[in-house]
$ cat entry_37.tsv   # TSV, C-alpha atoms and all ligand atoms
chain	number	residue	atom	x	y	z
A	9	MET	CA	-8.91	-8.02	-17.50
A	10	LYS	CA	-7.19	-6.04	-14.75
A	11	THR	CA	-3.48	-5.41	-14.29
A	12	LEU	CA	-1.58	-4.09	-11.30
A	13	HIS	CA	2.06	-3.05	-11.35
A	14	ILE	CA	4.15	-3.76	-8.26
A	15	ASP	CA	6.91	-1.17	-8.21
A	16	LEU	CA	10.00	-2.59	-6.53
A	17	GLY	CA	12.73	-1.19	-8.76
A	18	GLU	CA	14.49	-3.98	-10.63
A	19	ARG	CA	12.26	-6.52	-8.87
A	20	SER	CA	9.05	-4.94	-10.24
A	21	TYR	CA	6.36	-7.10	-11.82
A	22	ASP	CA	2.74	-7.16	-12.94
A	23	ILE	CA	-0.23	-9.01	-11.51
A	24	THR	CA	-2.72	-9.92	-14.23
A	25	ILE	CA	-6.27	-10.94	-13.35
A	26	ASP	CA	-8.29	-12.39	-16.20
A	27	HIS	CA	-10.88	-15.07	-16.87
A	28	GLY	CA	-9.33	-17.89	-18.90
A	29	LEU	CA	-5.79	-16.55	-18.35
A	30	LEU	CA	-4.53	-20.07	-17.64
A	31	ASP	CA	-4.92	-20.86	-21.34
A	32	ARG	CA	-2.74	-17.86	-22.23
A	33	ALA	CA	-0.14	-18.35	-19.50
A	34	GLY	CA	2.52	-19.47	-22.02
A	35	GLU	CA	2.57	-16.19	-23.91
A	36	ALA	CA	2.46	-14.20	-20.65
A	37	ILE	CA	5.51	-16.11	-19.35
A	38	LYS	CA	7.34	-15.70	-22.66
A	39	ALA	CA	6.91	-11.94	-22.33
A	40	VAL	CA	8.64	-11.78	-18.92
A	41	CYS	CA	11.17	-14.61	-19.35
A	42	PRO	CA	12.22	-14.21	-23.02
A	43	LYS	CA	15.43	-16.22	-22.56
A	44	ALA	CA	13.85	-19.20	-20.81
A	45	LYS	CA	13.70	-22.44	-22.77
A	46	LYS	CA	12.73	-24.79	-19.97
A	47	LEU	CA	10.09	-24.28	-17.35
A	48	PHE	CA	9.90	-26.41	-14.23
A	49	VAL	CA	6.27	-26.47	-13.11
A	50	VAL	CA	5.42	-27.30	-9.52
A	51	THR	CA	1.85	-28.22	-8.64
A	52	ASP	CA	0.06	-30.46	-6.16
A	53	SER	CA	-1.89	-33.68	-6.41
A	54	THR	CA	-5.29	-31.93	-6.31
A	55	VAL	CA	-4.50	-29.18	-8.81
A	56	GLN	CA	-2.65	-31.42	-11.27
A	57	PRO	CA	-5.71	-33.28	-12.64
A	58	LEU	CA	-7.77	-30.08	-12.67
A	59	TYR	CA	-5.49	-27.60	-14.44
A	60	LEU	CA	-2.06	-28.91	-15.43
A	61	HIS	CA	-3.14	-30.08	-18.89
A	62	ARG	CA	-4.32	-26.57	-19.79
A	63	LEU	CA	-1.10	-24.99	-18.61
A	64	ARG	CA	0.97	-27.62	-20.45
A	65	LYS	CA	-0.89	-26.91	-23.68
A	66	SER	CA	-0.47	-23.18	-23.34
A	67	LEU	CA	3.28	-23.51	-22.60
A	68	GLY	CA	3.70	-25.76	-25.63
A	69	ASN	CA	1.86	-23.26	-27.83
A	70	ALA	CA	4.22	-20.54	-26.65
A	71	GLY	CA	7.21	-22.60	-27.81
A	72	PHE	CA	8.64	-23.76	-24.52
A	73	LYS	CA	10.67	-26.83	-25.37
A	74	ALA	CA	10.43	-28.90	-22.26
A	75	LEU	CA	8.38	-29.14	-19.16
A	76	VAL	CA	8.94	-31.34	-16.16
A	77	CYS	CA	6.52	-31.32	-13.36
A	78	GLY	CA	7.16	-31.61	-9.66
A	79	VAL	CA	3.85	-32.85	-8.32
A	80	VAL	CA	3.75	-32.72	-4.52
A	81	PRO	CA	1.05	-34.11	-2.23
A	82	ALA	CA	-1.68	-31.53	-1.49
A	83	GLY	CA	-1.38	-29.98	1.97
A	84	GLU	CA	0.86	-28.04	4.33
A	85	HIS	CA	3.13	-31.08	4.95
A	86	SER	CA	4.60	-30.54	1.49
A	87	LYS	CA	6.36	-27.37	2.65
A	88	SER	CA	9.13	-29.62	3.97
A	89	PRO	CA	12.93	-29.77	3.65
A	90	GLU	CA	12.53	-33.28	2.17
A	91	LEU	CA	10.30	-32.14	-0.69
A	92	LEU	CA	12.42	-29.06	-1.28
A	93	THR	CA	15.46	-31.31	-1.72
A	94	ARG	CA	13.52	-33.53	-4.08
A	95	LEU	CA	12.55	-30.54	-6.21
A	96	TRP	CA	16.16	-29.29	-6.32
A	97	GLU	CA	17.36	-32.71	-7.50
A	98	ASP	CA	14.57	-32.98	-10.07
A	99	MET	CA	15.45	-29.53	-11.38
A	100	MET	CA	19.09	-30.56	-11.84
A	101	GLU	CA	18.01	-33.83	-13.47
A	102	PHE	CA	15.87	-31.75	-15.82
A	103	GLY	CA	18.89	-29.61	-16.73
A	104	LEU	CA	17.45	-26.32	-15.50
A	105	THR	CA	19.80	-23.41	-16.21
A	106	ARG	CA	20.01	-19.93	-14.74
A	107	THR	CA	18.05	-18.45	-17.64
A	108	ASP	CA	15.17	-20.91	-17.20
A	109	ALA	CA	12.28	-20.48	-14.78
A	110	VAL	CA	10.13	-22.16	-12.14
A	111	VAL	CA	6.33	-21.93	-12.31
A	112	ALA	CA	4.04	-22.47	-9.30
A	113	LEU	CA	0.55	-23.68	-10.19
A	114	GLY	CA	-1.52	-24.06	-7.03
A	115	GLY	CA	-2.34	-22.60	-3.65
A	116	GLY	CA	-0.08	-20.99	-1.08
A	117	VAL	CA	1.67	-24.24	-0.25
A	118	VAL	CA	2.84	-24.77	-3.83
A	119	GLY	CA	3.70	-21.06	-4.21
A	120	ASP	CA	5.78	-20.95	-1.02
A	121	LEU	CA	7.60	-24.23	-1.76
A	122	ALA	CA	8.24	-23.62	-5.46
A	123	GLY	CA	9.23	-20.02	-4.74
A	124	PHE	CA	11.80	-21.07	-2.16
A	125	ALA	CA	13.14	-23.69	-4.56
A	126	ALA	CA	13.41	-20.99	-7.26
A	127	ALA	CA	15.11	-18.59	-4.85
A	128	THR	CA	17.77	-21.11	-3.92
A	129	ILE	CA	18.46	-23.35	-6.93
A	130	LEU	CA	21.54	-22.16	-8.85
A	131	ARG	CA	21.53	-19.14	-6.51
A	132	GLY	CA	18.14	-18.08	-7.83
A	133	VAL	CA	16.16	-18.46	-11.06
A	134	ASP	CA	13.10	-16.65	-12.37
A	135	PHE	CA	9.79	-17.55	-10.81
A	136	ILE	CA	6.16	-17.24	-11.98
A	137	GLN	CA	3.14	-17.50	-9.71
A	138	ILE	CA	-0.14	-18.95	-11.03
A	139	PRO	CA	-2.21	-18.99	-7.81
A	140	THR	CA	-5.35	-21.15	-7.78
A	141	THR	CA	-6.81	-20.58	-4.29
A	142	LEU	CA	-8.45	-17.39	-3.07
A	143	LEU	CA	-5.86	-17.07	-0.31
A	144	ALA	CA	-3.01	-17.43	-2.79
A	145	GLN	CA	-4.58	-14.91	-5.19
A	146	VAL	CA	-5.17	-12.20	-2.57
A	147	ASP	CA	-2.16	-12.83	-0.37
A	148	SER	CA	0.58	-15.43	-0.72
A	149	SER	CA	1.40	-15.01	-4.44
A	150	VAL	CA	2.03	-11.28	-3.99
A	151	GLY	CA	4.93	-9.78	-2.10
A	152	GLY	CA	7.74	-12.28	-2.51
A	153	LYS	CA	7.69	-14.17	0.78
A	154	VAL	CA	8.58	-17.80	0.10
A	155	ALA	CA	9.30	-20.47	2.69
A	156	ILE	CA	9.15	-24.00	3.98
A	157	ASP	CA	8.25	-25.26	7.46
A	158	LEU	CA	10.65	-26.77	9.98
A	159	ALA	CA	9.96	-29.02	12.96
A	160	HIS	CA	10.28	-25.88	15.09
A	161	GLY	CA	7.45	-24.08	13.30
A	162	LYS	CA	5.92	-22.73	10.12
A	163	ASN	CA	7.79	-20.69	7.50
A	164	LEU	CA	11.06	-20.76	9.43
A	165	ALA	CA	13.34	-21.26	6.42
A	166	GLY	CA	12.60	-18.83	3.63
A	167	ALA	CA	13.53	-15.87	1.50
A	168	PHE	CA	12.21	-12.76	-0.15
A	169	TRP	CA	12.05	-13.73	-3.82
A	170	GLN	CA	9.73	-11.67	-5.96
A	171	PRO	CA	8.05	-13.41	-8.91
A	172	LYS	CA	8.50	-12.14	-12.48
A	173	ALA	CA	4.72	-12.21	-12.92
A	174	VAL	CA	1.58	-13.25	-11.08
A	175	LEU	CA	-1.09	-14.71	-13.38
A	176	MET	CA	-4.53	-15.07	-11.80
A	177	ASP	CA	-7.38	-16.87	-13.47
A	178	PRO	CA	-10.46	-16.36	-11.25
A	179	GLU	CA	-12.15	-19.30	-13.01
A	180	THR	CA	-9.90	-21.66	-11.05
A	181	LEU	CA	-11.64	-20.62	-7.83
A	182	LYS	CA	-14.82	-22.38	-8.94
A	183	THR	CA	-13.42	-25.81	-8.05
A	184	LEU	CA	-12.47	-24.87	-4.47
A	185	ASP	CA	-14.49	-26.43	-1.68
A	186	ASP	CA	-16.40	-24.01	0.53
A	187	LYS	CA	-14.00	-24.36	3.45
A	188	THR	CA	-10.96	-23.42	1.35
A	189	PHE	CA	-12.88	-20.56	-0.24
A	190	ALA	CA	-13.85	-19.31	3.25
A	191	ASP	CA	-10.20	-19.48	4.31
A	192	GLY	CA	-9.37	-17.01	1.57
A	193	MET	CA	-12.34	-14.84	2.58
A	194	ALA	CA	-10.79	-14.35	6.03
A	195	GLU	CA	-7.86	-12.60	4.31
A	196	VAL	CA	-10.17	-10.69	1.94
A	197	ILE	CA	-12.14	-9.37	4.92
A	198	LYS	CA	-8.87	-8.53	6.68
A	199	TYR	CA	-7.96	-6.12	3.86
A	200	GLY	CA	-11.26	-4.28	4.32
A	201	CYS	CA	-10.61	-4.02	8.05
A	202	ILE	CA	-7.05	-2.73	7.83
A	203	ALA	CA	-7.15	-0.41	4.85
A	204	ASP	CA	-10.44	0.15	3.03
A	205	ARG	CA	-13.65	1.02	4.83
A	206	GLU	CA	-15.62	1.22	1.58
A	207	PHE	CA	-14.45	-2.25	0.58
A	208	PHE	CA	-15.46	-3.55	4.02
A	209	HIS	CA	-18.99	-2.19	3.48
A	210	PHE	CA	-18.99	-3.69	-0.03
A	211	LEU	CA	-18.20	-7.11	1.47
A	212	CYS	CA	-20.92	-6.71	4.10
A	213	ALA	CA	-23.37	-6.09	1.25
A	214	HIS	CA	-22.13	-9.20	-0.63
A	215	PRO	CA	-21.91	-11.87	2.07
A	216	THR	CA	-22.15	-15.01	-0.08
A	217	ARG	CA	-19.70	-16.95	-2.22
A	218	ALA	CA	-21.92	-16.43	-5.29
A	219	GLN	CA	-21.95	-12.65	-4.78
A	220	ILE	CA	-18.18	-12.55	-4.29
A	221	MET	CA	-17.67	-14.60	-7.46
A	222	GLU	CA	-19.93	-12.22	-9.41
A	223	ASN	CA	-17.53	-9.43	-8.40
A	224	ILE	CA	-14.35	-11.45	-8.25
A	225	GLU	CA	-12.14	-9.22	-10.41
A	226	HIS	CA	-12.99	-6.23	-8.22
A	227	VAL	CA	-12.36	-8.25	-5.05
A	228	LEU	CA	-8.99	-9.62	-6.24
A	229	TYR	CA	-7.86	-6.26	-7.59
A	230	THR	CA	-8.79	-4.37	-4.41
A	231	CYS	CA	-7.01	-6.85	-2.12
A	232	CYS	CA	-3.90	-7.03	-4.30
A	233	ASP	CA	-3.81	-3.24	-4.58
A	234	ILE	CA	-3.77	-2.93	-0.79
A	235	LYS	CA	-1.04	-5.56	-0.53
A	236	ARG	CA	0.86	-3.78	-3.33
A	237	SER	CA	0.96	-0.49	-1.45
A	238	VAL	CA	2.04	-2.17	1.79
A	239	VAL	CA	4.76	-4.26	0.09
A	240	GLU	CA	6.05	-1.30	-1.91
A	241	SER	CA	6.50	0.66	1.29
A	242	ASP	CA	8.13	-2.17	3.24
A	243	GLU	CA	9.27	-5.03	1.00
A	244	ARG	CA	11.43	-6.66	3.68
A	245	ASP	CA	8.84	-6.57	6.45
A	246	THR	CA	10.65	-4.30	8.85
A	247	GLY	CA	7.76	-1.98	9.74
A	248	ALA	CA	4.63	-1.04	7.78
A	249	ARG	CA	4.08	-4.57	6.41
A	250	MET	CA	3.21	-5.74	9.89
A	251	ILE	CA	-0.36	-4.40	9.47
A	252	LEU	CA	-0.98	-7.46	7.27
A	253	ASN	CA	-0.70	-9.44	10.49
A	254	PHE	CA	-3.98	-8.06	11.82
A	255	GLY	CA	-5.74	-11.04	13.44
A	256	HIS	CA	-2.68	-13.22	12.94
A	257	THR	CA	-0.99	-12.74	16.32
A	258	VAL	CA	-3.83	-14.36	18.25
A	259	GLY	CA	-4.68	-16.46	15.17
A	260	HIS	CA	-1.28	-18.15	15.26
A	261	ALA	CA	-1.96	-19.13	18.86
A	262	PHE	CA	-5.26	-20.76	17.84
A	263	GLU	CA	-3.54	-22.61	14.98
A	264	ARG	CA	-0.88	-23.91	17.30
A	265	LEU	CA	-3.38	-24.91	20.00
A	266	GLY	CA	-5.14	-27.07	17.43
A	267	ASN	CA	-1.80	-28.50	16.28
A	268	TYR	CA	-2.44	-26.93	12.83
A	269	GLU	CA	-5.20	-29.48	12.25
A	270	THR	CA	-8.25	-28.45	14.26
A	271	TRP	CA	-8.36	-24.94	12.80
A	272	THR	CA	-7.39	-23.85	9.32
A	273	HIS	CA	-5.32	-20.69	8.97
A	274	GLY	CA	-8.39	-18.73	7.81
A	275	GLN	CA	-10.51	-19.92	10.71
A	276	ALA	CA	-7.77	-19.03	13.18
A	277	VAL	CA	-7.31	-15.57	11.62
A	278	SER	CA	-11.06	-15.03	11.68
A	279	ALA	CA	-11.30	-15.64	15.43
A	280	GLY	CA	-8.01	-13.73	15.83
A	281	MET	CA	-9.46	-10.62	14.13
A	282	CYS	CA	-12.48	-10.75	16.44
A	283	ALA	CA	-10.21	-11.03	19.47
A	284	ALA	CA	-8.11	-8.11	18.18
A	285	VAL	CA	-11.09	-5.76	17.72
A	286	GLN	CA	-12.48	-6.65	21.14
A	287	LEU	CA	-9.10	-6.11	22.71
A	288	GLY	CA	-8.59	-2.85	20.80
A	289	PHE	CA	-12.01	-1.57	21.78
A	290	GLY	CA	-11.47	-2.56	25.40
A	291	LEU	CA	-8.18	-0.68	25.44
A	292	GLY	CA	-9.74	2.43	23.93
A	293	VAL	CA	-7.60	2.16	20.76
A	294	MET	CA	-10.71	1.88	18.60
A	295	ASP	CA	-12.77	5.04	18.29
A	296	SER	CA	-16.05	3.18	18.75
A	297	ASP	CA	-17.51	-0.29	18.49
A	298	GLU	CA	-19.06	0.59	15.13
A	299	GLY	CA	-18.46	-2.21	12.66
A	300	ILE	CA	-17.51	-4.89	15.19
A	301	GLN	CA	-20.85	-6.68	14.95
A	302	ASP	CA	-20.79	-6.26	11.14
A	303	LEU	CA	-17.38	-7.93	11.07
A	304	MET	CA	-18.63	-10.86	13.13
A	305	ASP	CA	-21.76	-11.23	10.98
A	306	LEU	CA	-19.67	-11.15	7.80
A	307	LEU	CA	-17.22	-13.78	9.03
A	308	SER	CA	-20.12	-15.96	10.23
A	309	ALA	CA	-21.81	-15.65	6.83
A	310	PHE	CA	-18.80	-17.47	5.36
A	311	GLY	CA	-18.87	-20.10	8.10
A	312	LEU	CA	-15.82	-18.65	9.84
A	313	PRO	CA	-15.58	-18.71	13.65
A	314	THR	CA	-15.75	-15.47	15.64
A	315	HIS	CA	-14.62	-17.08	18.85
A	316	ILE	CA	-12.46	-20.08	19.68
A	317	ALA	CA	-12.70	-21.46	23.21
A	318	ILE	CA	-9.07	-22.17	23.88
A	319	ASP	CA	-9.49	-24.96	26.42
A	320	ALA	CA	-11.89	-26.85	24.15
A	321	CYS	CA	-9.42	-27.20	21.30
A	322	THR	CA	-6.31	-28.06	23.27
A	323	PRO	CA	-4.97	-31.60	23.62
A	324	GLU	CA	-5.15	-33.11	27.11
A	325	GLY	CA	-2.22	-32.35	29.33
A	326	VAL	CA	-1.41	-29.07	27.55
A	327	ASP	CA	-1.96	-25.81	29.40
A	328	ALA	CA	-3.84	-23.80	26.77
A	329	TRP	CA	-3.26	-20.44	28.37
A	330	ASN	CA	0.50	-20.99	28.67
A	331	LEU	CA	0.65	-21.99	25.02
A	332	VAL	CA	-1.24	-18.83	23.96
A	333	VAL	CA	1.07	-16.67	26.05
A	334	GLU	CA	4.15	-18.38	24.60
A	335	THR	CA	2.95	-18.23	20.98
A	336	ILE	CA	2.12	-14.55	21.15
A	337	GLY	CA	5.51	-13.92	22.66
A	338	LEU	CA	4.12	-12.56	25.87
A	339	ASP	CA	6.38	-14.77	27.93
A	340	LYS	CA	9.57	-13.20	26.60
A	341	LYS	CA	10.26	-10.92	29.49
A	342	GLY	CA	13.94	-10.80	28.67
A	343	ALA	CA	13.38	-9.68	25.07
A	344	GLY	CA	12.08	-6.28	26.11
A	345	ASP	CA	8.86	-5.22	27.72
A	346	ASP	CA	7.11	-3.96	24.59
A	347	LEU	CA	5.14	-5.81	21.96
A	348	THR	CA	3.58	-4.32	18.83
A	349	MET	CA	-0.04	-5.34	18.40
A	350	ILE	CA	-2.07	-4.60	15.27
A	351	PHE	CA	-5.40	-3.02	16.17
A	352	LEU	CA	-7.97	-1.03	14.21
A	353	LYS	CA	-8.41	2.67	14.89
A	354	ARG	CA	-11.71	2.30	13.11
A	355	MET	CA	-13.05	-0.12	10.54
A	356	GLY	CA	-10.80	0.37	7.48
A	357	GLN	CA	-7.75	1.68	9.32
A	358	ALA	CA	-5.12	-0.46	11.01
A	359	LEU	CA	-3.12	0.92	13.89
A	360	PRO	CA	0.04	-0.74	15.19
A	361	VAL	CA	0.36	-0.09	18.91
A	362	LYS	CA	3.42	-0.69	21.01
A	363	MET	CA	2.25	-2.02	24.34
A	364	LYS	CA	3.68	-3.33	27.55
A	365	ARG	CA	3.51	-7.11	27.57
A	366	ASP	CA	1.80	-7.14	30.98
A	367	LYS	CA	-0.97	-4.90	29.68
A	368	VAL	CA	-1.59	-7.09	26.62
A	369	LEU	CA	-1.65	-10.15	28.84
A	370	GLU	CA	-4.11	-8.61	31.29
A	371	ASN	CA	-6.51	-7.55	28.52
A	372	LEU	CA	-6.20	-10.80	26.61
A	373	GLU	CA	-7.25	-12.63	29.74
A	374	ALA	CA	-10.51	-10.69	29.60
A	375	VAL	CA	-11.06	-11.55	25.92
A	376	PHE	CA	-10.46	-15.24	26.61
A	377	GLY	CA	-12.62	-15.13	29.75
A	378	ARG	CA	-9.82	-16.22	32.04
B	1	LIG	P1	-3.08	-24.85	-0.05
B	1	LIG	O1	-2.06	-24.46	-1.01
B	1	LIG	O2	-2.81	-26.01	0.84
B	1	LIG	O3	-4.44	-25.08	-0.83
B	1	LIG	C1	-5.59	-25.52	-0.11
B	1	LIG	C2	-6.20	-26.76	-0.76
B	1	LIG	O4	-6.83	-26.37	-1.98
B	1	LIG	C3	-5.16	-27.82	-1.14
B	1	LIG	O5	-5.70	-29.08	-0.87
B	1	LIG	C4	-5.01	-27.64	-2.66
B	1	LIG	O6	-4.64	-28.83	-3.30
B	1	LIG	C5	-6.39	-27.22	-3.05
B	1	LIG	N1	-6.52	-26.43	-4.26
B	1	LIG	C6	-5.69	-25.47	-4.73
B	1	LIG	N2	-6.23	-24.87	-5.79
B	1	LIG	C7	-7.40	-25.49	-6.03
B	1	LIG	C8	-8.44	-25.29	-6.99
B	1	LIG	N3	-8.38	-24.31	-7.89
B	1	LIG	N4	-9.52	-26.11	-6.95
B	1	LIG	C9	-9.61	-27.08	-6.00
B	1	LIG	N5	-8.69	-27.28	-5.05
B	1	LIG	C10	-7.59	-26.48	-5.06
B	1	LIG	O7	-3.47	-23.65	0.94
B	1	LIG	P2	-3.66	-22.08	0.72
B	1	LIG	O8	-4.71	-21.70	1.69
B	1	LIG	O9	-3.77	-21.71	-0.70
B	1	LIG	O10	-2.26	-21.52	1.24
B	1	LIG	C11	-1.84	-21.73	2.55
B	1	LIG	C12	-0.33	-21.60	2.59
B	1	LIG	O11	0.02	-20.28	2.18
B	1	LIG	C13	0.26	-21.80	3.97
B	1	LIG	O12	1.39	-22.64	3.86
B	1	LIG	C14	0.70	-20.40	4.39
B	1	LIG	O13	1.83	-20.41	5.22
B	1	LIG	C15	1.03	-19.78	3.06
B	1	LIG	N6	0.95	-18.32	3.02
B	1	LIG	C16	2.01	-17.65	2.51
B	1	LIG	C17	1.97	-16.28	2.43
B	1	LIG	C18	3.11	-15.55	1.79
B	1	LIG	O14	3.14	-14.32	1.84
B	1	LIG	N7	4.03	-16.24	1.17
B	1	LIG	C19	0.86	-15.56	2.88
B	1	LIG	C20	-0.21	-16.28	3.41
B	1	LIG	C21	-0.16	-17.67	3.48
B	2	LIG	N1	1.10	-12.47	4.49
B	2	LIG	C1	1.86	-11.46	5.13
B	2	LIG	C2	2.90	-10.82	4.26
B	2	LIG	O1	2.97	-11.06	3.09
B	2	LIG	O2	3.65	-10.05	4.76
$ encode --input "entry_37.tsv" --output "C-alpha cells" --more "lines below"
Ligand code: NAD
Ligand code: GLY
Amino acid sequence: MKTLHIDLGERSYDITIDHGLLDRAGEAIKAVCPKAKKLFVVTDSTVQPLYLHRLRKSLGNAGFKALVCGVVPAGEHSKSPELLTRLWEDMMEFGLTRTDAVVALGGGVVGDLAGFAAATILRGVDFIQIPTTLLAQVDSSVGGKVAIDLAHGKNLAGAFWQPKAVLMDPETLKTLDDKTFADGMAEVIKYGCIADREFFHFLCAHPTRAQIMENIEHVLYTCCDIKRSVVESDERDTGARMILNFGHTVGHAFERLGNYETWTHGQAVSAGMCAAVQLGFGLGVMDSDEGIQDLMDLLSAFGLPTHIAIDACTPEGVDAWNLVVETIGLDKKGAGDDLTMIFLKRMGQALPVKMKRDKVLENLEAVFGR
C-alpha cells in the first residue's frame, strides 16, 4: 500500500493506492466522511457490471444506509448538461443532504461529471474519487478539476472541487483494453518528460503493459507525486500547473481535427509531445536532442502515434491548417502577441516559454511540413 498526502490547507486529502482497495472502500470513505449516511455513486455502463457489486458490498459493510446509483453511458458524451441535470434530480429524489457524499467509480468521464455534480448540488457536497482507468488514476482524479462539455468545446463548464479522498485499486486496470491503457500511458510518459528524468529512463526500460503492471504501485505513486507537487504550488491553474499541458496544446488541435473521434486524447497528446520536442529542439530551447528518439520509441511501444498527418485526418472541406492555428490560439492577434508554450529544457524538465505568436506559427509550419 502507498499513501500520498495532498496538502491544500482545509482542502487537503490522501491518495491511497492498494491492491484490493475497492473491497475496503466503505471503511476508507467512513473515515473521511464520518457524518455521511447516504452515498450517491456515479459509474458508467462498462464499469457497473465489472465493479459496482464489490463497492456496494463494501459500503454496506461499512454501515452506509442507502445507495443509489447514477449509471451513465460509457464515453465522453456523458459529460453533458443533460446528464448533469439528470444526476442532480436523482440526487434530490434520493434525499441527498449536505452531510452526505458523492462517489465516482470509473474513468475520467465519470470523475469529471460526478465531481461537477458534487461541486454544485446543494452548493457542494463531499466527493470521493475511485478511479478505474490509468488516465484517471495518474491524472484526472487528482487535483480537483471537474467539468462537463458544452457544444462550444470540452470542459467549458466546471469547477475546482477537491475530493475528500482518492482510492486507487490497481487491480481494476487489468480489465482495460489495450487502447485505453495506452491512453493512460501517454500521460504517464508525460510526467517523466516534464519532471523526472529517472522515471523517464525507468519507463524506457519497461516498455510493455506487463512490465508496467508489475511495477504499477511505483508508476502510480510517482505520477501522482509529480501532480501533487504541481497542484500544491498552483491549485487554481494560474501559472506552474500549465506544465501539465506539455503535448496538450498541439494535442488538442489533433483531437479537434479528428472531431474527437479519430484520435483519442492519449493518441493526440502522444503526437503532441513529439511535435513539442521537435519544435523545442528546433528553437534551441532544448539543450540537445538526447532522449527525443527514446521518447518516440517508448510511445510507439505502447502503440501511440508519434506523428499525425493533419490533412489526412481532417474532414473534407475543412482547412486543416487553419483549424490547427485557431485551436492553438495562434490566430488571436488581438489578444496579445505572446503565447506560452510548454517545452522541455531537457528530458525530465519542462520549460514554459513565452513566445511571439508569429514565431510559433513559423516553426510549427516546419514541424507539420507545410
Ligand atoms: P473514460 O472515463 O471514458 O474511460 C475510458 C473507457 O474505459 C470507458 O469506456 C470506460 O467505460 C472504460 N473503463 C473505465 N474503467 C474501466 C475498467 N477498469 N475496465 C474496463 N473498462 C473501463 O476515459 P478516461 O480516459 O478515463 O478519461 C478521459 C476523460 O478525463 C476526458 O473527459 C478528459 O477530459 C478527462 N480528464 C480530466 C482531467 C482532470 O484534471 N479533471 C485530466 C485529464 C483528463
Ligand atoms: N490535467 C491537467 C490538470 O489537472 O491541470
$ residues_near_ligand --input "entry_37.tsv" --ligand "ligand LIG 2 (chain B)" --cutoff "9 Å" --atoms "only C-alpha atoms and all ligand atoms" --output "PDB file with C-alpha atoms, keeping the file's coordinate frame"
ATOM      1  CA  ASP A 147      -2.160 -12.830  -0.370  1.00  0.00           C
ATOM      2  CA  SER A 148       0.580 -15.430  -0.720  1.00  0.00           C
ATOM      3  CA  SER A 149       1.400 -15.010  -4.440  1.00  0.00           C
ATOM      4  CA  VAL A 150       2.030 -11.280  -3.990  1.00  0.00           C
ATOM      5  CA  GLY A 151       4.930  -9.780  -2.100  1.00  0.00           C
ATOM      6  CA  GLY A 152       7.740 -12.280  -2.510  1.00  0.00           C
ATOM      7  CA  LYS A 153       7.690 -14.170   0.780  1.00  0.00           C
ATOM      8  CA  GLU A 195      -7.860 -12.600   4.310  1.00  0.00           C
ATOM      9  CA  LYS A 235      -1.040  -5.560  -0.530  1.00  0.00           C
ATOM     10  CA  VAL A 238       2.040  -2.170   1.790  1.00  0.00           C
ATOM     11  CA  VAL A 239       4.760  -4.260   0.090  1.00  0.00           C
ATOM     12  CA  GLU A 243       9.270  -5.030   1.000  1.00  0.00           C
ATOM     13  CA  ARG A 244      11.430  -6.660   3.680  1.00  0.00           C
ATOM     14  CA  ASP A 245       8.840  -6.570   6.450  1.00  0.00           C
ATOM     15  CA  ARG A 249       4.080  -4.570   6.410  1.00  0.00           C
ATOM     16  CA  MET A 250       3.210  -5.740   9.890  1.00  0.00           C
ATOM     17  CA  ILE A 251      -0.360  -4.400   9.470  1.00  0.00           C
ATOM     18  CA  LEU A 252      -0.980  -7.460   7.270  1.00  0.00           C
ATOM     19  CA  ASN A 253      -0.700  -9.440  10.490  1.00  0.00           C
TER      20      ASN A 253
END
$ residues_around --input "entry_37.tsv" --residues "range 91-104 of chain A" --least-positions-apart "6" --cutoff "7 Å" --atoms "only C-alpha atoms" --output "ChimeraX atom specification"
/A:46,48,76,78,121,125,129
$ closest_atom_pairs --input "entry_37.tsv" --of "chain A" --to "ligand LIG 1 (chain B)" --cutoff "8 Å" --atoms "all atoms listed in the file" --output "CSV"
residue,atom,partner,partner_atom,distance
A:Asp52,CA,B:LIG1,O6,5.7
A:Ser53,CA,B:LIG1,O6,6.4
A:Thr54,CA,B:LIG1,O6,4.4
A:Val55,CA,B:LIG1,C7,5.5
A:Leu58,CA,B:LIG1,N4,7.2
A:Tyr59,CA,B:LIG1,N3,7.9
A:Pro81,CA,B:LIG1,O6,7.8
A:Ala82,CA,B:LIG1,O6,4.4
A:Gly83,CA,B:LIG1,O2,4.4
A:Glu84,CA,B:LIG1,O12,5.4
A:Lys87,CA,B:LIG1,O12,7.0
A:Gly114,CA,B:LIG1,N2,4.9
A:Gly115,CA,B:LIG1,O1,3.2
A:Gly116,CA,B:LIG1,O10,3.2
A:Val117,CA,B:LIG1,O1,3.8
A:Val118,CA,B:LIG1,O1,5.7
A:Gly119,CA,B:LIG1,N7,7.2
A:Asp120,CA,B:LIG1,N7,5.5
A:Pro139,CA,B:LIG1,N2,7.4
A:Thr140,CA,B:LIG1,N2,4.3
A:Thr141,CA,B:LIG1,N2,4.6
A:Leu142,CA,B:LIG1,O9,6.8
A:Leu143,CA,B:LIG1,O9,5.1
A:Ala144,CA,B:LIG1,O9,4.8
A:Asp147,CA,B:LIG1,C19,5.2
A:Ser148,CA,B:LIG1,C17,3.5
A:Ser149,CA,B:LIG1,N7,6.3
A:Val150,CA,B:LIG1,O14,6.7
A:Gly151,CA,B:LIG1,O14,6.3
A:Gly152,CA,B:LIG1,N7,6.6
A:Lys153,CA,B:LIG1,N7,4.2
A:Val154,CA,B:LIG1,N7,4.9
A:Ala155,CA,B:LIG1,N7,6.9
A:Ile156,CA,B:LIG1,O12,7.9
A:Lys162,CA,B:LIG1,O13,6.8
A:Asn163,CA,B:LIG1,O13,6.4
A:Thr180,CA,B:LIG1,N3,4.4
A:Leu181,CA,B:LIG1,N3,4.9
A:Lys182,CA,B:LIG1,N4,6.8
A:Thr183,CA,B:LIG1,N4,4.1
A:Leu184,CA,B:LIG1,C9,3.9
A:Asp185,CA,B:LIG1,C9,6.5
A:Thr188,CA,B:LIG1,C1,5.9
A:Asp191,CA,B:LIG1,O8,6.5
A:Gly192,CA,B:LIG1,O8,6.6
A:His273,CA,B:LIG1,O8,7.4
A:Gly274,CA,B:LIG1,O8,7.7
$ residues_around --input "entry_37.tsv" --residues "Ala309 in chain A" --least-positions-apart "4" --cutoff "10 Å" --atoms "all atoms listed in the file" --output "list of chain:residue names"
A:Ala190, A:Cys212, A:His214, A:Pro215, A:Thr216, A:Arg217, A:Leu303, A:Met304, A:Asp305, A:Pro313
$ closest_residue --input "entry_37.tsv" --among "A:Gly71, A:Gly161, A:Gly34, A:Gly17" --to "His85 in chain A" --atoms "only C-alpha atoms"
A:Gly161
